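First the structure, in the form of structure tokens, and then the observations on it.
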Amino acid sequence: MSIRVTVWNENRHEFKNEKVRSIYPNGIHGAIAEGIAENGLEIRTAWLDQPEHGLTEAVLADTDVLIWWGHMAHGEVQDDIVDRVHKRVLEGMGLIVLHSGHFSKIFKKLMGTSCDLKWREAEDKERLWVVDPSHPIAEGLGAYIELPAEEMYGEHFDIPAPEELVFVSWFTGGEVFRSGCTYRRGQGKVFYFRPGHETYPTYHNEEVLRVIRNGVRWAAPVHGAKPVYGNAKPLEPVGPKE
């Protein structure tokens, strides 16, 4: 069966910054959607200024994996939409949070921490080292991904300890950063992937796109046993025997 993917983006920098618009003329969401397209993926896009931010009940019900990019307008995302996405993750929808989405309401709600970090925009070279080469998200990669220029994120990254750590970044300024982190929340899987500042062509990099594509396949719901919650009737008689 196909994996139904929704790529969500604020789509604000593309209108306010000519450099961003020149790199991503169809929006960051458009570049990601086009870049990860392959057989077996059904991809749609959504953005902040659509009704209900493009994340209606119907859209989310028809989404297996949601990809989230945000930066300058985290506070404009309505809390009821955040709750709606959170509920779907707990029900089994996968979530991939990219770059500055670490400060999104949905990621902070799922992590339960500030998700703060140090940063610098100075065209650092970044090497993303694969520290778990057996992980499905790292399939098809070499020992590292090298990006000639990116925004630096550095530790300490205020997140819960990752359940799986797939990538660790090094920057020319000397900093390191946990750049590929996985979690499980309820029945859903969450993958945080660091690269992707809007003024760099990171989402045109084939290895970065491979990671996102691999992440989609990893995060897609597994239709296993259905959990039972709340008061339950016994399968066999219980209580004192006469």
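In the structure tokens, the first chain shown is A, the next is B, and so on; residue numbers restart at 1 for each chain, and ligands run from 1 in the order shown.
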
Excluding Ile137 in chain A and residues on its chain fewer than 4 positions from it, collect all residues at most 6 Å away from it, counting only C-alpha atoms, and give them as a CSV table (one decimal) with C-alpha atoms, in the first residue's frame.
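Now in result_38.csv:
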chain,number,residue,atom,x,y,z
A,211,VAL,CA,17.2,10.7,4.8
A,214,ASN,CA,13.9,6.9,4.5
A,215,GLY,CA,12.4,8.6,7.5

### Task
Find the spatial neighbours of Ile212 in chain A, counting only C-alpha atoms, within a cut-off of 9 Å - ignore same-chain residues fewer than 4 positions away - and output them as number ranges by chain.
A: 32, 36, 67, 96, 137, 193, 207-208, 216-217

### 8 Å contact set for Arg178 in chain A, only C-alpha atoms, chain neighbours under 4 positions out, as a list in words
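Skipping anything fewer than 4 positions along the chain leaves Glu155, Phe157, Leu165, Phe167, Val168 and Ser169 of chain A.
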
Export, as a tab-separated table (two decimals), in the first residue's frame, the selected residues with N, CA, C and O atoms.
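Wrote part.tsv, looks like this:
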chain	number	residue	atom	x	y	z
A	155	GLU	N	25.03	21.83	20.95
A	155	GLU	CA	24.59	21.37	22.26
A	155	GLU	C	24.87	22.45	23.32
A	155	GLU	O	25.78	23.24	23.17
A	157	PHE	N	21.21	20.55	23.50
A	157	PHE	CA	19.88	20.52	22.90
A	157	PHE	C	18.95	19.98	23.97
A	157	PHE	O	19.07	18.84	24.40
A	165	LEU	N	19.61	7.32	18.28
A	165	LEU	CA	20.38	8.45	17.74
A	165	LEU	C	21.02	7.99	16.44
A	165	LEU	O	21.86	7.08	16.44
A	167	PHE	N	22.15	10.33	13.74
A	167	PHE	CA	23.16	11.25	13.23
A	167	PHE	C	23.66	12.18	14.34
A	167	PHE	O	22.89	12.62	15.19
A	168	VAL	N	24.95	12.48	14.29
A	168	VAL	CA	25.55	13.52	15.12
A	168	VAL	C	26.30	14.47	14.19
A	168	VAL	O	27.10	14.03	13.37
A	169	SER	N	26.04	15.76	14.32
A	169	SER	CA	26.68	16.75	13.46
A	169	SER	C	27.91	17.36	14.12
A	169	SER	O	27.97	17.54	15.34

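With only C-alpha atoms taken into account, the protein and nucleic acid residues at most 12 Å from Glu57 in chain A (excluding it and anything under 2 positions from it in its own chain) are A:Pro51, A:Glu52, A:His53, A:Gly54, A:Leu55, A:Val59, A:Leu60, A:Ala61, A:Asp62, A:Thr63, A:Asp80, A:Ile81, A:Val82, A:Asp83, A:Arg84, A:Val85, A:Lys87, A:Arg88.
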
Output for the residues just chosen: N, CA and C atoms as an mmCIF file, in the first residue's frame:
data_model
loop_
_atom_site.group_PDB
_atom_site.id
_atom_site.type_symbol
_atom_site.label_atom_id
_atom_site.label_comp_id
_atom_site.auth_asym_id
_atom_site.auth_seq_id
_atom_site.Cartn_x
_atom_site.Cartn_y
_atom_site.Cartn_z
ATOM 1 N N PRO A 51 -6.919 27.604 5.360
ATOM 2 C CA PRO A 51 -7.890 27.367 6.433
ATOM 3 C C PRO A 51 -7.468 26.168 7.281
ATOM 4 N N GLU A 52 -7.498 26.341 8.589
ATOM 5 C CA GLU A 52 -7.075 25.319 9.544
ATOM 6 C C GLU A 52 -5.624 24.886 9.284
ATOM 7 N N HIS A 53 -4.835 25.829 8.750
ATOM 8 C CA HIS A 53 -3.425 25.589 8.405
ATOM 9 C C HIS A 53 -3.254 24.419 7.435
ATOM 10 N N GLY A 54 -4.300 24.104 6.701
ATOM 11 C CA GLY A 54 -4.236 22.980 5.769
ATOM 12 C C GLY A 54 -4.288 21.623 6.434
ATOM 13 N N LEU A 55 -4.479 21.612 7.743
ATOM 14 C CA LEU A 55 -4.463 20.354 8.508
ATOM 15 C C LEU A 55 -5.843 20.085 9.093
ATOM 16 N N VAL A 59 -7.795 15.870 6.262
ATOM 17 C CA VAL A 59 -6.421 15.746 5.769
ATOM 18 C C VAL A 59 -5.595 14.874 6.695
ATOM 19 N N LEU A 60 -5.683 15.120 7.995
ATOM 20 C CA LEU A 60 -4.888 14.335 8.942
ATOM 21 C C LEU A 60 -5.338 12.874 8.975
ATOM 22 N N ALA A 61 -6.635 12.637 8.831
ATOM 23 C CA ALA A 61 -7.118 11.252 8.794
ATOM 24 C C ALA A 61 -6.585 10.525 7.571
ATOM 25 N N ASP A 62 -6.230 11.283 6.535
ATOM 26 C CA ASP A 62 -5.735 10.705 5.284
ATOM 27 C C ASP A 62 -4.208 10.813 5.186
ATOM 28 N N THR A 63 -3.533 11.047 6.325
ATOM 29 C CA THR A 63 -2.083 11.215 6.360
ATOM 30 C C THR A 63 -1.450 10.118 7.205
ATOM 31 N N ASP A 80 -5.577 24.467 18.882
ATOM 32 C CA ASP A 80 -6.478 23.348 18.605
ATOM 33 C C ASP A 80 -5.965 22.495 17.447
ATOM 34 N N ILE A 81 -5.221 23.113 16.506
ATOM 35 C CA ILE A 81 -4.617 22.333 15.427
ATOM 36 C C ILE A 81 -3.452 21.510 15.974
ATOM 37 N N VAL A 82 -2.671 22.103 16.879
ATOM 38 C CA VAL A 82 -1.590 21.353 17.535
ATOM 39 C C VAL A 82 -2.161 20.143 18.262
ATOM 40 N N ASP A 83 -3.241 20.342 18.989
ATOM 41 C CA ASP A 83 -3.872 19.217 19.706
ATOM 42 C C ASP A 83 -4.353 18.150 18.725
ATOM 43 N N ARG A 84 -4.849 18.586 17.596
ATOM 44 C CA ARG A 84 -5.340 17.661 16.573
ATOM 45 C C ARG A 84 -4.189 16.804 16.018
ATOM 46 N N VAL A 85 -3.055 17.445 15.736
ATOM 47 C CA VAL A 85 -1.887 16.708 15.245
ATOM 48 C C VAL A 85 -1.354 15.781 16.324
ATOM 49 N N LYS A 87 -2.950 14.345 18.747
ATOM 50 C CA LYS A 87 -3.847 13.193 18.870
ATOM 51 C C LYS A 87 -3.565 12.176 17.773
ATOM 52 N N ARG A 88 -3.347 12.661 16.546
ATOM 53 C CA ARG A 88 -3.086 11.735 15.432
ATOM 54 C C ARG A 88 -1.756 11.004 15.604
#

### Task
Could you find all residues in range 25-209 of chain A that DSSP calls alpha helix (DSSP H) from the backbone, and write them as a PyMOL selection string?
chain A and resi 27-36+57-61+79-91+105-111+206-209

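Using only C-alpha atoms, the smallest distance between any of A:Lys241, A:Leu95, A:Ala138, A:Thr56 and Phe107 in chain A comes from A:Leu95.
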
### Non-local contacts of range 221-224 of chain A (7 Å; only C-alpha atoms; under 2 positions in same chain excluded) as a VMD selection string
chain A and resid 64 92 to 94 188 219 226

Can you spit out the residues from that selection as a compact mmCIF listing (two decimals), in the first residue's frame, using N, CA, C and O atoms?
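Heads up, here's the output in result-v1.txt:
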# COMPACT_ATOMS: atom_id res chain seq x y z
N ASP A 64 -0.50 9.41 6.62
CA ASP A 64 0.28 8.42 7.36
C ASP A 64 1.50 9.04 8.03
O ASP A 64 1.87 8.65 9.13
N GLY A 92 -1.02 6.92 15.89
CA GLY A 92 -0.18 6.15 14.98
C GLY A 92 0.40 6.89 13.80
O GLY A 92 1.23 6.33 13.07
N MET A 93 0.00 8.15 13.57
CA MET A 93 0.58 8.90 12.45
C MET A 93 2.04 9.22 12.72
O MET A 93 2.40 9.65 13.82
N GLY A 94 2.90 9.04 11.74
CA GLY A 94 4.30 9.41 11.88
C GLY A 94 4.49 10.91 11.75
O GLY A 94 3.73 11.59 11.06
N GLY A 188 2.58 6.32 17.65
CA GLY A 188 3.25 7.02 16.56
C GLY A 188 4.76 7.10 16.73
O GLY A 188 5.29 7.01 17.83
N ALA A 219 8.76 5.96 9.67
CA ALA A 219 7.72 6.52 10.54
C ALA A 219 6.31 6.09 10.16
O ALA A 219 5.37 6.32 10.93
N LYS A 226 -4.19 -3.73 18.19
CA LYS A 226 -4.88 -2.51 18.62
C LYS A 226 -4.95 -2.48 20.14
O LYS A 226 -5.47 -3.41 20.76

### Task
Excluding Asp132 in chain A and any residue of its chain fewer than 2 positions from it, enumerate the residues within 7 Å of it, using only C-alpha atoms, and give them as a PyMOL selection string.
chain A and resi 130+134-135+165-166

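The coordinates place CA of Trp119 in chain A at 19.8 Å from CA of Trp68 in chain A.
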
### Task
For Cys115 in chain A, please output as a list in words all residues within 9 Å (counting only C-alpha atoms; exclusion window: fewer than 3 positions along the same chain).
His102, Phe103, Phe107, Lys108, Met111, Gly112, Phe157, Asp158, Ile159 and Pro160 of chain A

Kindly export the residues of the current selection with all heavy atoms, as a compact mmCIF listing (two decimals), in the first residue's frame.
# COMPACT_ATOMS: atom_id res chain seq x y z
N HIS A 102 12.19 22.38 15.63
CA HIS A 102 12.44 21.99 17.03
C HIS A 102 11.71 22.91 18.00
O HIS A 102 11.42 22.51 19.13
CB HIS A 102 13.95 22.00 17.33
CG HIS A 102 14.55 23.38 17.41
ND1 HIS A 102 14.64 24.08 18.58
CD2 HIS A 102 15.08 24.17 16.45
CE1 HIS A 102 15.20 25.25 18.35
NE2 HIS A 102 15.48 25.33 17.05
N PHE A 103 11.42 24.15 17.56
CA PHE A 103 10.71 25.10 18.42
C PHE A 103 9.20 25.13 18.13
O PHE A 103 8.50 25.98 18.67
CB PHE A 103 11.28 26.51 18.25
CG PHE A 103 12.21 26.93 19.36
CD1 PHE A 103 13.11 27.96 19.15
CD2 PHE A 103 12.19 26.33 20.61
CE1 PHE A 103 13.97 28.38 20.16
CE2 PHE A 103 13.04 26.73 21.62
CZ PHE A 103 13.94 27.75 21.39
N PHE A 107 6.27 19.87 18.41
CA PHE A 107 7.46 19.14 18.87
C PHE A 107 7.66 19.35 20.37
O PHE A 107 7.95 18.39 21.11
CB PHE A 107 8.69 19.59 18.09
CG PHE A 107 9.90 18.71 18.33
CD1 PHE A 107 9.88 17.37 17.97
CD2 PHE A 107 11.05 19.22 18.89
CE1 PHE A 107 10.99 16.56 18.18
CE2 PHE A 107 12.16 18.42 19.11
CZ PHE A 107 12.14 17.09 18.76
N LYS A 108 7.49 20.58 20.85
CA LYS A 108 7.66 20.83 22.28
C LYS A 108 6.60 20.10 23.10
O LYS A 108 6.88 19.60 24.19
CB LYS A 108 7.62 22.34 22.56
CG LYS A 108 8.84 23.07 22.00
CD LYS A 108 9.05 24.43 22.62
CE LYS A 108 8.01 25.43 22.17
NZ LYS A 108 8.33 26.79 22.69
N MET A 111 7.75 16.47 23.21
CA MET A 111 8.97 16.27 23.98
C MET A 111 8.80 16.62 25.45
O MET A 111 9.47 16.05 26.32
CB MET A 111 10.11 17.10 23.39
CG MET A 111 10.54 16.71 21.97
SD MET A 111 11.17 15.02 21.83
CE MET A 111 9.75 14.21 21.03
N GLY A 112 7.96 17.61 25.76
CA GLY A 112 7.76 18.01 27.15
C GLY A 112 8.92 18.81 27.71
O GLY A 112 9.09 18.90 28.94
N PHE A 157 21.21 20.55 23.50
CA PHE A 157 19.88 20.52 22.90
C PHE A 157 18.95 19.98 23.97
O PHE A 157 19.07 18.84 24.40
CB PHE A 157 19.94 19.60 21.68
CG PHE A 157 18.70 19.58 20.82
CD1 PHE A 157 17.70 20.53 20.94
CD2 PHE A 157 18.55 18.59 19.85
CE1 PHE A 157 16.57 20.51 20.14
CE2 PHE A 157 17.43 18.56 19.04
CZ PHE A 157 16.45 19.51 19.19
N ASP A 158 18.00 20.82 24.42
CA ASP A 158 17.15 20.46 25.55
C ASP A 158 15.97 19.59 25.09
O ASP A 158 14.84 20.05 24.95
CB ASP A 158 16.64 21.72 26.25
CG ASP A 158 15.86 21.40 27.52
OD1 ASP A 158 16.07 20.30 28.09
OD2 ASP A 158 15.03 22.24 27.95
N ILE A 159 16.27 18.32 24.85
CA ILE A 159 15.28 17.32 24.48
C ILE A 159 15.46 16.10 25.37
O ILE A 159 16.52 15.92 25.97
CB ILE A 159 15.42 16.89 23.00
CG1 ILE A 159 16.87 16.44 22.71
CG2 ILE A 159 15.00 18.02 22.06
CD1 ILE A 159 17.09 15.84 21.34
N PRO A 160 14.44 15.24 25.48
CA PRO A 160 14.67 13.97 26.17
C PRO A 160 15.72 13.15 25.43
O PRO A 160 15.93 13.33 24.22
CB PRO A 160 13.29 13.28 26.09
CG PRO A 160 12.32 14.37 25.78
CD PRO A 160 13.07 15.39 24.99
